[in-house]
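Participant: Got query37.cif for you, mmCIF, C-alpha atoms:
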```
data_protein
loop_
_atom_site.label_atom_id
_atom_site.label_comp_id
_atom_site.auth_asym_id
_atom_site.auth_seq_id
_atom_site.Cartn_x
_atom_site.Cartn_y
_atom_site.Cartn_z
CA MET X 1 9.64 47.67 -50.27
CA PRO X 2 8.88 43.97 -49.54
CA VAL X 3 7.41 43.16 -46.13
CA LEU X 4 9.81 41.33 -43.85
CA LEU X 5 8.80 37.83 -42.80
CA PRO X 6 7.87 37.91 -39.08
CA PRO X 7 10.03 35.49 -37.05
CA ALA X 8 7.02 33.63 -35.64
CA LEU X 9 5.63 33.10 -39.14
CA GLU X 10 9.02 31.96 -40.39
CA ARG X 11 9.12 29.33 -37.64
CA SER X 12 5.70 28.08 -38.77
CA LEU X 13 6.43 27.64 -42.47
CA ASP X 14 6.92 23.88 -42.15
CA LEU X 15 3.27 23.60 -41.06
CA LEU X 16 1.82 25.38 -44.10
CA ARG X 17 0.69 23.96 -47.41
CA CYS X 18 -0.51 25.80 -50.49
CA PRO X 19 -4.31 26.13 -50.24
CA THR X 20 -4.58 25.92 -54.03
CA CYS X 21 -2.30 22.91 -54.65
CA ARG X 22 -3.19 21.33 -51.29
CA TRP X 23 0.14 19.53 -50.78
CA ARG X 24 3.02 21.77 -51.85
CA GLN X 25 4.99 23.67 -49.23
CA LEU X 26 5.08 27.45 -49.12
CA ARG X 27 8.33 29.42 -49.12
CA PRO X 28 8.98 33.12 -48.53
CA ALA X 29 9.83 35.24 -51.58
CA ARG X 30 10.03 39.05 -51.41
CA GLY X 31 7.08 39.82 -49.20
CA VAL X 32 4.92 36.85 -50.24
CA LEU X 33 4.61 33.15 -49.65
CA ARG X 34 4.96 31.09 -52.83
CA CYS X 35 4.55 27.42 -53.66
CA PRO X 36 6.75 25.65 -56.28
CA VAL X 37 3.99 25.96 -58.90
CA GLY X 38 3.85 29.73 -58.43
CA HIS X 39 0.74 30.39 -56.36
CA THR X 40 1.48 33.43 -54.19
CA PHE X 41 -0.03 34.79 -51.00
CA ASP X 42 0.64 38.15 -49.41
CA ILE X 43 2.30 38.75 -46.08
CA ALA X 44 0.48 41.75 -44.68
CA ARG X 45 2.50 44.63 -43.26
CA HIS X 46 0.68 43.95 -39.98
CA GLY X 47 2.46 40.59 -39.74
CA TYR X 48 -0.08 37.94 -40.75
CA ALA X 49 -0.19 35.72 -43.84
CA GLY X 50 -3.19 36.20 -46.13
CA LEU X 51 -3.81 32.71 -47.48
CA LEU X 52 -7.57 33.07 -47.78
CA THR X 53 -8.96 33.82 -51.24
CA GLY X 54 -12.45 33.87 -52.73
CA THR X 55 -15.73 34.23 -50.87
CA ARG X 56 -15.58 33.79 -47.12
CA ALA X 57 -18.22 32.08 -44.99
CA THR X 58 -17.90 35.08 -42.69
CA SER X 59 -15.82 38.24 -42.68
CA GLY X 60 -15.28 37.87 -38.95
CA ASP X 61 -15.01 40.68 -36.44
CA ASP X 62 -14.94 44.25 -37.70
CA ALA X 63 -12.73 47.01 -36.28
CA ALA X 64 -15.24 48.10 -33.64
CA MET X 65 -15.72 44.53 -32.40
CA VAL X 66 -11.97 43.96 -32.17
CA GLN X 67 -11.42 47.20 -30.27
CA ALA X 68 -14.23 46.29 -27.85
CA ARG X 69 -12.74 42.81 -27.36
CA ASP X 70 -9.28 44.20 -26.67
CA ARG X 71 -10.67 46.58 -24.07
CA PHE X 72 -12.85 43.96 -22.40
CA LEU X 73 -10.22 41.21 -22.25
CA ALA X 74 -7.75 43.71 -20.81
CA THR X 75 -10.00 43.96 -17.72
CA GLY X 76 -9.12 40.35 -16.80
CA ALA X 77 -12.79 39.38 -16.55
CA TYR X 78 -12.17 36.27 -18.68
CA ALA X 79 -8.77 35.43 -17.16
CA PRO X 80 -10.13 32.29 -15.38
CA ILE X 81 -11.29 30.95 -18.77
CA ARG X 82 -7.87 31.66 -20.24
CA GLN X 83 -6.23 29.84 -17.32
CA ALA X 84 -8.47 26.80 -17.78
CA VAL X 85 -7.61 26.64 -21.49
CA ALA X 86 -3.90 26.88 -20.66
CA ARG X 87 -4.17 24.08 -18.06
CA LEU X 88 -5.92 21.70 -20.43
CA ALA X 89 -3.50 22.49 -23.25
CA ALA X 90 -0.36 22.29 -21.12
CA GLY X 91 -1.38 18.84 -19.93
CA ALA X 92 -1.14 17.52 -23.49
CA ALA X 93 1.54 19.54 -25.28
CA PRO X 94 5.28 19.03 -25.06
CA GLU X 95 7.36 22.10 -24.24
CA ARG X 96 8.42 22.43 -27.87
CA GLY X 97 5.00 21.63 -29.21
CA THR X 98 2.74 23.33 -31.72
CA VAL X 99 -0.52 25.02 -30.71
CA LEU X 100 -3.12 25.83 -33.36
CA ASP X 101 -5.94 28.25 -32.47
CA VAL X 102 -8.84 28.04 -34.92
CA GLY X 103 -11.03 31.13 -34.78
CA CYS X 104 -8.34 32.80 -32.70
CA GLY X 105 -9.81 36.30 -32.63
CA THR X 106 -7.21 38.62 -31.12
CA GLY X 107 -5.04 35.73 -29.89
CA TYR X 108 -5.88 36.17 -26.20
CA TYR X 109 -6.24 32.46 -25.42
CA LEU X 110 -3.37 31.41 -27.68
CA ALA X 111 -1.04 33.79 -25.86
CA GLY X 112 -2.17 32.36 -22.52
CA VAL X 113 -1.24 28.85 -23.62
CA LEU X 114 2.13 29.95 -24.98
CA ASP X 115 2.88 31.65 -21.66
CA HIS X 116 2.49 28.21 -20.01
CA LEU X 117 4.64 26.44 -22.64
CA SER X 118 7.89 28.34 -22.68
CA THR X 119 9.25 26.95 -25.95
CA ALA X 120 6.06 26.05 -27.85
CA ARG X 121 5.02 27.85 -31.02
CA GLY X 122 1.53 28.99 -31.91
CA LEU X 123 -0.46 29.65 -35.06
CA GLY X 124 -3.79 31.47 -35.05
CA LEU X 125 -6.37 31.21 -37.84
CA ASP X 126 -9.21 33.68 -38.30
CA THR X 127 -11.17 35.35 -41.09
CA SER X 128 -11.01 38.80 -39.50
CA VAL X 129 -8.03 40.77 -40.74
CA ARG X 130 -8.66 43.30 -37.96
CA ALA X 131 -8.37 40.58 -35.32
CA LEU X 132 -5.30 39.06 -36.98
CA ARG X 133 -3.44 42.33 -36.59
CA SER X 134 -3.71 41.79 -32.85
CA THR X 135 -2.85 38.09 -33.04
CA ALA X 136 0.31 38.80 -35.01
CA ARG X 137 1.67 40.90 -32.15
CA VAL X 138 0.05 39.23 -29.12
CA HIS X 139 3.06 36.97 -28.44
CA ASP X 140 6.54 36.64 -29.89
CA ARG X 141 5.93 32.94 -30.62
CA ALA X 142 2.48 33.38 -32.19
CA ALA X 143 2.04 33.53 -35.96
CA ALA X 144 -1.22 34.56 -37.59
CA MET X 145 -2.94 33.54 -40.82
CA ALA X 146 -6.16 34.54 -42.53
CA TRP X 147 -8.28 31.44 -43.03
CA ASP X 148 -11.89 30.25 -42.91
CA ALA X 149 -12.48 27.51 -40.31
CA PHE X 150 -15.11 25.87 -42.53
CA ARG X 151 -12.60 25.12 -45.30
CA PRO X 152 -9.87 22.46 -45.35
CA PHE X 153 -6.95 23.99 -43.48
CA PRO X 154 -3.81 24.87 -45.49
CA LEU X 155 -1.74 22.75 -43.12
CA ALA X 156 0.08 19.44 -43.32
CA ASP X 157 -1.30 16.32 -41.62
CA LYS X 158 -0.57 15.59 -37.94
CA VAL X 159 1.36 18.78 -37.18
CA ALA X 160 -0.43 20.15 -34.08
CA ASP X 161 -0.09 18.99 -30.50
CA VAL X 162 -3.04 21.13 -29.38
CA VAL X 163 -5.93 22.65 -31.28
CA LEU X 164 -7.83 25.41 -29.49
CA ASN X 165 -11.45 26.19 -30.30
CA VAL X 166 -12.71 28.92 -27.98
CA PHE X 167 -16.14 30.42 -28.71
CA ALA X 168 -15.43 29.74 -32.38
CA PRO X 169 -16.70 27.73 -35.39
CA ARG X 170 -15.74 24.06 -35.46
CA ASN X 171 -14.44 21.78 -38.21
CA PRO X 172 -14.07 18.34 -36.55
CA ALA X 173 -12.69 16.53 -39.59
CA GLU X 174 -9.92 19.09 -40.06
CA PHE X 175 -9.18 19.24 -36.34
CA HIS X 176 -8.64 15.48 -36.46
CA ARG X 177 -6.50 15.60 -39.60
CA VAL X 178 -4.03 18.17 -38.28
CA LEU X 179 -3.78 16.81 -34.72
CA ARG X 180 -1.08 14.34 -33.79
CA PRO X 181 -2.36 11.02 -32.38
CA ALA X 182 -1.39 12.01 -28.83
CA GLY X 183 -2.68 15.56 -29.26
CA ARG X 184 -5.65 17.30 -27.70
CA LEU X 185 -8.53 19.43 -28.95
CA VAL X 186 -9.63 22.01 -26.36
CA VAL X 187 -13.16 23.33 -26.88
CA VAL X 188 -14.71 26.15 -24.84
CA ARG X 189 -18.40 26.98 -25.10
CA PRO X 190 -20.94 28.84 -22.91
CA THR X 191 -23.47 27.17 -20.65
CA GLY X 192 -27.05 28.38 -20.36
CA ARG X 193 -26.04 30.43 -17.30
CA HIS X 194 -23.36 32.40 -19.15
CA LEU X 195 -24.14 36.13 -18.98
CA ALA X 196 -27.73 35.25 -18.11
CA GLU X 197 -28.32 38.68 -16.58
CA VAL X 198 -27.44 40.39 -19.87
CA ARG X 199 -29.39 37.93 -22.01
CA ARG X 200 -32.53 38.47 -19.97
CA ARG X 201 -32.24 42.24 -20.27
CA LEU X 202 -31.20 42.52 -23.93
CA PRO X 203 -33.53 40.66 -26.33
CA GLY X 204 -31.06 40.92 -29.19
CA MET X 205 -28.39 38.84 -27.44
CA VAL X 206 -27.68 35.47 -29.02
CA THR X 207 -29.13 32.73 -26.80
CA VAL X 208 -27.52 29.42 -25.83
CA ASP X 209 -29.44 26.51 -27.32
CA ARG X 210 -30.41 23.96 -24.66
CA SER X 211 -29.38 21.13 -26.98
CA LYS X 212 -25.99 22.70 -27.70
CA GLU X 213 -24.05 20.15 -25.64
CA GLN X 214 -25.69 17.17 -27.30
CA ARG X 215 -25.09 18.63 -30.75
CA LEU X 216 -21.45 19.37 -29.91
CA HIS X 217 -20.74 15.84 -28.75
CA ARG X 218 -22.55 14.33 -31.73
CA ALA X 219 -20.51 16.47 -34.09
CA LEU X 220 -17.21 15.49 -32.46
CA ALA X 221 -18.03 11.85 -31.66
CA PRO X 222 -16.83 10.30 -34.94
CA CYS X 223 -13.40 11.87 -34.48
CA PHE X 224 -12.90 12.65 -30.78
CA GLU X 225 -13.42 11.33 -27.26
CA ALA X 226 -13.76 13.65 -24.26
CA VAL X 227 -11.11 13.06 -21.59
CA ASP X 228 -11.35 16.04 -19.23
CA THR X 229 -13.90 18.80 -18.65
CA GLU X 230 -13.68 21.87 -16.43
CA ARG X 231 -16.69 23.97 -15.57
CA VAL X 232 -15.55 27.55 -15.13
CA GLU X 233 -18.23 29.56 -13.37
CA TYR X 234 -17.95 32.72 -11.31
CA SER X 235 -19.47 36.15 -10.91
CA VAL X 236 -17.57 39.22 -11.98
CA PRO X 237 -18.12 42.92 -11.25
CA LEU X 238 -18.24 45.00 -14.41
CA ALA X 239 -18.62 48.72 -14.96
CA ARG X 240 -21.29 49.76 -17.46
CA ARG X 241 -18.72 50.65 -20.11
CA GLU X 242 -17.21 47.16 -19.73
CA VAL X 243 -20.62 45.54 -20.21
CA ARG X 244 -21.08 47.61 -23.36
CA ASP X 245 -17.74 46.30 -24.63
CA LEU X 246 -18.78 42.75 -23.72
CA VAL X 247 -21.89 43.10 -25.87
CA ALA X 248 -20.08 44.96 -28.65
CA MET X 249 -17.34 42.33 -29.04
CA THR X 250 -19.76 39.53 -29.96
CA PRO X 251 -22.01 38.84 -32.98
CA SER X 252 -24.89 39.94 -30.73
CA ALA X 253 -23.73 43.51 -31.35
CA ARG X 254 -25.36 43.31 -34.79
CA HIS X 255 -28.75 42.58 -33.21
CA VAL X 256 -28.75 44.91 -30.19
CA THR X 257 -30.07 48.46 -30.67
CA ASP X 258 -29.01 51.63 -28.87
CA THR X 259 -32.35 51.54 -27.06
CA ASP X 260 -31.56 48.03 -25.85
CA LEU X 261 -28.17 49.18 -24.59
CA ASP X 262 -29.87 51.76 -22.39
CA ASP X 263 -31.07 48.82 -20.30
CA ILE X 264 -27.46 48.05 -19.37
CA ASP X 265 -27.78 50.75 -16.70
CA ARG X 266 -30.38 48.58 -14.97
CA LEU X 267 -28.24 45.43 -14.84
CA PRO X 268 -27.02 44.02 -11.50
CA ASP X 269 -23.53 44.94 -10.34
CA ARG X 270 -22.17 41.45 -11.00
CA LEU X 271 -22.58 39.16 -14.01
CA THR X 272 -22.34 35.39 -14.24
CA VAL X 273 -19.59 33.88 -16.36
CA SER X 274 -20.21 30.18 -17.02
CA VAL X 275 -18.44 28.03 -19.61
CA LEU X 276 -17.36 24.43 -20.16
CA ALA X 277 -13.82 23.70 -21.29
CA THR X 278 -13.22 20.17 -22.54
CA ALA X 279 -10.09 18.41 -23.73
CA TYR X 280 -10.72 15.74 -26.38
CA ARG X 281 -8.32 13.12 -27.69
CA PRO X 282 -8.47 12.09 -31.35
CA CYS X 283 -9.89 8.68 -32.12
CA PRO X 284 -7.67 6.37 -34.20
CA GLY X 285 -8.04 6.52 -37.94
#
```
Could you express the structure from this file as structure tokens?
Facilitator:
Amino acid sequence: MPVLLPPALERSLDLLRCPTCRWRQLRPARGVLRCPVGHTFDIARHGYAGLLTGTRATSGDDAAMVQARDRFLATGAYAPIRQAVARLAAGAAPERGTVLDVGCGTGYYLAGVLDHLSTARGLGLDTSVRALRSTARVHDRAAAMAWDAFRPFPLADKVADVVLNVFAPRNPAEFHRVLRPAGRLVVVRPTGRHLAEVRRRLPGMVTVDRSKEQRLHRALAPCFEAVDTERVEYSVPLARREVRDLVAMTPSARHVTDTDLDDIDRLPDRLTVSVLATAYRPCPG
């Protein structure tokens, strides 16, 4: 039996373009999306559109990482980051705007923005089919689509009012292409103080490069200008099982051994959360 088209995905069809043809619109047809030439893409029974074909730059989060992320985010430990993202996005998007989340993960930050914009629609892109299952049900106005952030997006030009990029890969040229001239790109990245207590204790944790900020601004400079930055920094109490989920939900999980995790029991009772959230406006052109 054909999969029904989720309402949020149906409302996003005008944004999509065939990734093979690059300019033809996609239409629903018995459980798939099809362009006029005949290229077809499945709509998964979990509610997301599978537009990505061929070899991926990354397969994204696996099931264990997604489950750990769902558990950790449910604690509210990252709620201040979510609130900062929503503030920066809401300052730029009209009520009936379009929010694109590139590298959306489970859709946690996208849902936070949509909660602030009562009639906006959202579209999350990610390579992880496990994460997209969560995104497709995280909010009734959030659609989800399998896509690789490093490839040209299967979207029309100038369709997004806000592009979110939260702890995710960046594609500045594509961000610029899909953003409207008055739109905003919201980028969240860790500072050197972020989770410092865990990084010191667990040698396998991915470190924050000291030149990260300079490299970020150089990468975005041809296309974007920073207009507003919030530093979100606070300490948060976490139980040991929550710290384990925090480690397990990140790429660091692939580099941390069980022996390393035993050191979690010797961590302080509170951990430092420290990120920068910046809103950028697109440069003309």
Participant: Using all atoms listed in the file, find the one residue out of X:Ala8, X:Cys223, X:Ala63, X:Val99 that sits nearest to Arg281 in chain X.
Facilitator: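 Selected residue with least distance to Arg281 in chain X: X:Cys223.
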Participant: CA of Thr135 in chain X and CA of Ala89 in chain X, how far apart in Å?
Facilitator: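 Separating CA of Ala89 in chain X from CA of Thr135 in chain X is a distance of 18.4 Å.
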Participant: Rank nothing, just name the residue among X:Thr40, X:Gln67, X:Thr98, X:Thr191 nearest to Leu15 in chain X, using all atoms listed in the file.
Facilitator: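 For Leu15 in chain X, the nearest of the candidates is X:Thr98.
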Participant: When the PyMOL selection byres ((chain X and resi 269-272) around 9) is applied to the file above, which residues end up in the set, as an mmCIF file with C-alpha atoms, in the frame of the given file?
Facilitator:
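And here's out-v4.cif as it stands now:
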```cif
data_model
loop_
_atom_site.group_PDB
_atom_site.id
_atom_site.type_symbol
_atom_site.label_atom_id
_atom_site.label_comp_id
_atom_site.auth_asym_id
_atom_site.auth_seq_id
_atom_site.Cartn_x
_atom_site.Cartn_y
_atom_site.Cartn_z
ATOM 1 C CA ARG X 193 -26.040 30.430 -17.300
ATOM 2 C CA HIS X 194 -23.360 32.400 -19.150
ATOM 3 C CA LEU X 195 -24.140 36.130 -18.980
ATOM 4 C CA ALA X 196 -27.730 35.250 -18.110
ATOM 5 C CA GLU X 197 -28.320 38.680 -16.580
ATOM 6 C CA VAL X 198 -27.440 40.390 -19.870
ATOM 7 C CA GLU X 233 -18.230 29.560 -13.370
ATOM 8 C CA TYR X 234 -17.950 32.720 -11.310
ATOM 9 C CA SER X 235 -19.470 36.150 -10.910
ATOM 10 C CA VAL X 236 -17.570 39.220 -11.980
ATOM 11 C CA PRO X 237 -18.120 42.920 -11.250
ATOM 12 C CA LEU X 238 -18.240 45.000 -14.410
ATOM 13 C CA ALA X 239 -18.620 48.720 -14.960
ATOM 14 C CA ARG X 240 -21.290 49.760 -17.460
ATOM 15 C CA LEU X 267 -28.240 45.430 -14.840
ATOM 16 C CA PRO X 268 -27.020 44.020 -11.500
ATOM 17 C CA VAL X 273 -19.590 33.880 -16.360
ATOM 18 C CA SER X 274 -20.210 30.180 -17.020
#
```
Participant: Which is closer to Cys104 in chain X than all the others in X:Ala277, X:Val129, X:Val208, X:Ala173, using all atoms listed in the file?
Facilitator: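 Smallest distance to Cys104 in chain X is found for X:Val129.
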Participant: At a cut-off of 9 Å, using only C-alpha atoms, what residues contact Ala221 in chain X? Leave out same-chain residues fewer than 5 positions from it and give the result as JSON, numbers by chain.
Facilitator: {"X": [216, 226, 283]}
Participant: Distance CA of Arg244 in chain X-CA of Ala77 in chain X, one decimal place?
Facilitator: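 Computed distance, CA of Arg244 in chain X to CA of Ala77 in chain X, equals 13.5 Å.
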Participant: Spell out the residues picked by the PyMOL selection byres ((chain X and resi 10) around 12) here, as a PyMOL selection string.
Facilitator: chain X and resi 4-9+11-16+26-29+31-33+43+47-49+121-123+140-144
Participant: So that I can check the surroundings of Arg170 in chain X, please list as a compact mmCIF listing (two decimals) with C-alpha atoms, keeping the file's coordinate frame every protein, DNA and RNA residue that reaches within 12 Å of it, counting all atoms listed in the file and ignoring chain neighbours fewer than 5 positions away.
Facilitator:
```
# COMPACT_ATOMS: atom_id res chain seq x y z
CA ASP X 101 -5.94 28.25 -32.47
CA VAL X 102 -8.84 28.04 -34.92
CA GLY X 103 -11.03 31.13 -34.78
CA CYS X 104 -8.34 32.80 -32.70
CA ASP X 126 -9.21 33.68 -38.30
CA ASP X 148 -11.89 30.25 -42.91
CA ALA X 149 -12.48 27.51 -40.31
CA PHE X 150 -15.11 25.87 -42.53
CA ARG X 151 -12.60 25.12 -45.30
CA PRO X 152 -9.87 22.46 -45.35
CA PHE X 153 -6.95 23.99 -43.48
CA VAL X 163 -5.93 22.65 -31.28
CA LEU X 164 -7.83 25.41 -29.49
CA ASN X 165 -11.45 26.19 -30.30
CA PHE X 175 -9.18 19.24 -36.34
CA HIS X 176 -8.64 15.48 -36.46
CA LEU X 185 -8.53 19.43 -28.95
CA VAL X 186 -9.63 22.01 -26.36
CA VAL X 187 -13.16 23.33 -26.88
CA VAL X 188 -14.71 26.15 -24.84
CA ARG X 189 -18.40 26.98 -25.10
CA ARG X 215 -25.09 18.63 -30.75
CA LEU X 216 -21.45 19.37 -29.91
CA HIS X 217 -20.74 15.84 -28.75
CA ALA X 219 -20.51 16.47 -34.09
CA LEU X 220 -17.21 15.49 -32.46
```
Participant: To one decimal place in Å, what is the distance between CA of Gly192 in chain X and CA of Gln214 in chain X?
Facilitator: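 Pair CA of Gly192 in chain X / CA of Gln214 in chain X returns 13.3 Å.
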Participant: Of the residues X:Pro282, X:Gly50, X:Glu95, X:Pro19, which is the one nearest to Arg180 in chain X, using all atoms listed in the file?
Facilitator: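 The closest residue to Arg180 in chain X is X:Pro282.
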Participant: Might you pull out every residue within 10 Å of Glu242 in chain X, with all atoms listed in the file counted and same-chain residues fewer than 4 positions away left off, and present them as a tab-separated table (two decimals) with C-alpha atoms, in the frame of the given file?
Facilitator:
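Dumped to result13.tsv:
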```
chain	number	residue	atom	x	y	z
X	68	ALA	CA	-14.23	46.29	-27.85
X	69	ARG	CA	-12.74	42.81	-27.36
X	71	ARG	CA	-10.67	46.58	-24.07
X	72	PHE	CA	-12.85	43.96	-22.40
X	73	LEU	CA	-10.22	41.21	-22.25
X	75	THR	CA	-10.00	43.96	-17.72
X	77	ALA	CA	-12.79	39.38	-16.55
X	237	PRO	CA	-18.12	42.92	-11.25
X	238	LEU	CA	-18.24	45.00	-14.41
X	246	LEU	CA	-18.78	42.75	-23.72
X	247	VAL	CA	-21.89	43.10	-25.87
X	248	ALA	CA	-20.08	44.96	-28.65
```
Participant: Between X:Gly285, X:Gly107, X:Pro36, X:Pro203, which has the minimum distance to Leu179 in chain X (counting all atoms listed in the file)?
Facilitator: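 Of all the options, X:Gly285 lies closest to Leu179 in chain X.
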Participant: Edge lengths and centre in Å to one decimal, as AutoDock Vina command-line options, is what I'm after for the box along x, y and z that holds all listed atoms of range 218-233 of chain X once 6 Å is added on each side.
Facilitator:
```
--center_x -16.8 --center_y 19.9 --center_z -24.2 --size_x 23.4 --size_y 31.3 --size_z 33.6
```
Participant: Which residue out of X:Pro94, X:Gly38, X:Pro181, X:Gly60 has the minimum interatomic distance to Tyr280 in chain X when only C-alpha atoms are used?
Facilitator: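 Checking each candidate against Tyr280 in chain X, we get X:Pro181 as the closest.
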Participant: Excluding Arg177 in chain X and any residue of its chain fewer than 5 positions from it, enumerate the residues within 9 Å of it, using only C-alpha atoms, and give them as a list in words.
Facilitator: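 Here the qualifying residues turn out to be Ala156, Asp157, Lys158, Val159 and Pro172 of chain X.
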Participant: For the residues in that selection, give me C-alpha atoms as a PDB file, keeping the file's coordinate frame.
Facilitator:
```
ATOM      1  CA  ALA X 156       0.080  19.440 -43.320  1.00  0.00           C
ATOM      2  CA  ASP X 157      -1.300  16.320 -41.620  1.00  0.00           C
ATOM      3  CA  LYS X 158      -0.570  15.590 -37.940  1.00  0.00           C
ATOM      4  CA  VAL X 159       1.360  18.780 -37.180  1.00  0.00           C
ATOM      5  CA  PRO X 172     -14.070  18.340 -36.550  1.00  0.00           C
TER       6      PRO X 172
END
```
Participant: Any chance you could resolve the PyMOL selection byres ((chain X and resi 205) around 7) against this file and give the residues as a ChimeraX atom specification?
Facilitator: /X:199,202-204,206-207,252,255-256
Participant: Near Trp23 in chain X, counting all atoms listed in the file, which residues have an atom at most 9 Å away, once you skip same-chain residues fewer than 2 positions from it, shown as a PyMOL selection string?
Facilitator: chain X and resi 17-21+25+154-156
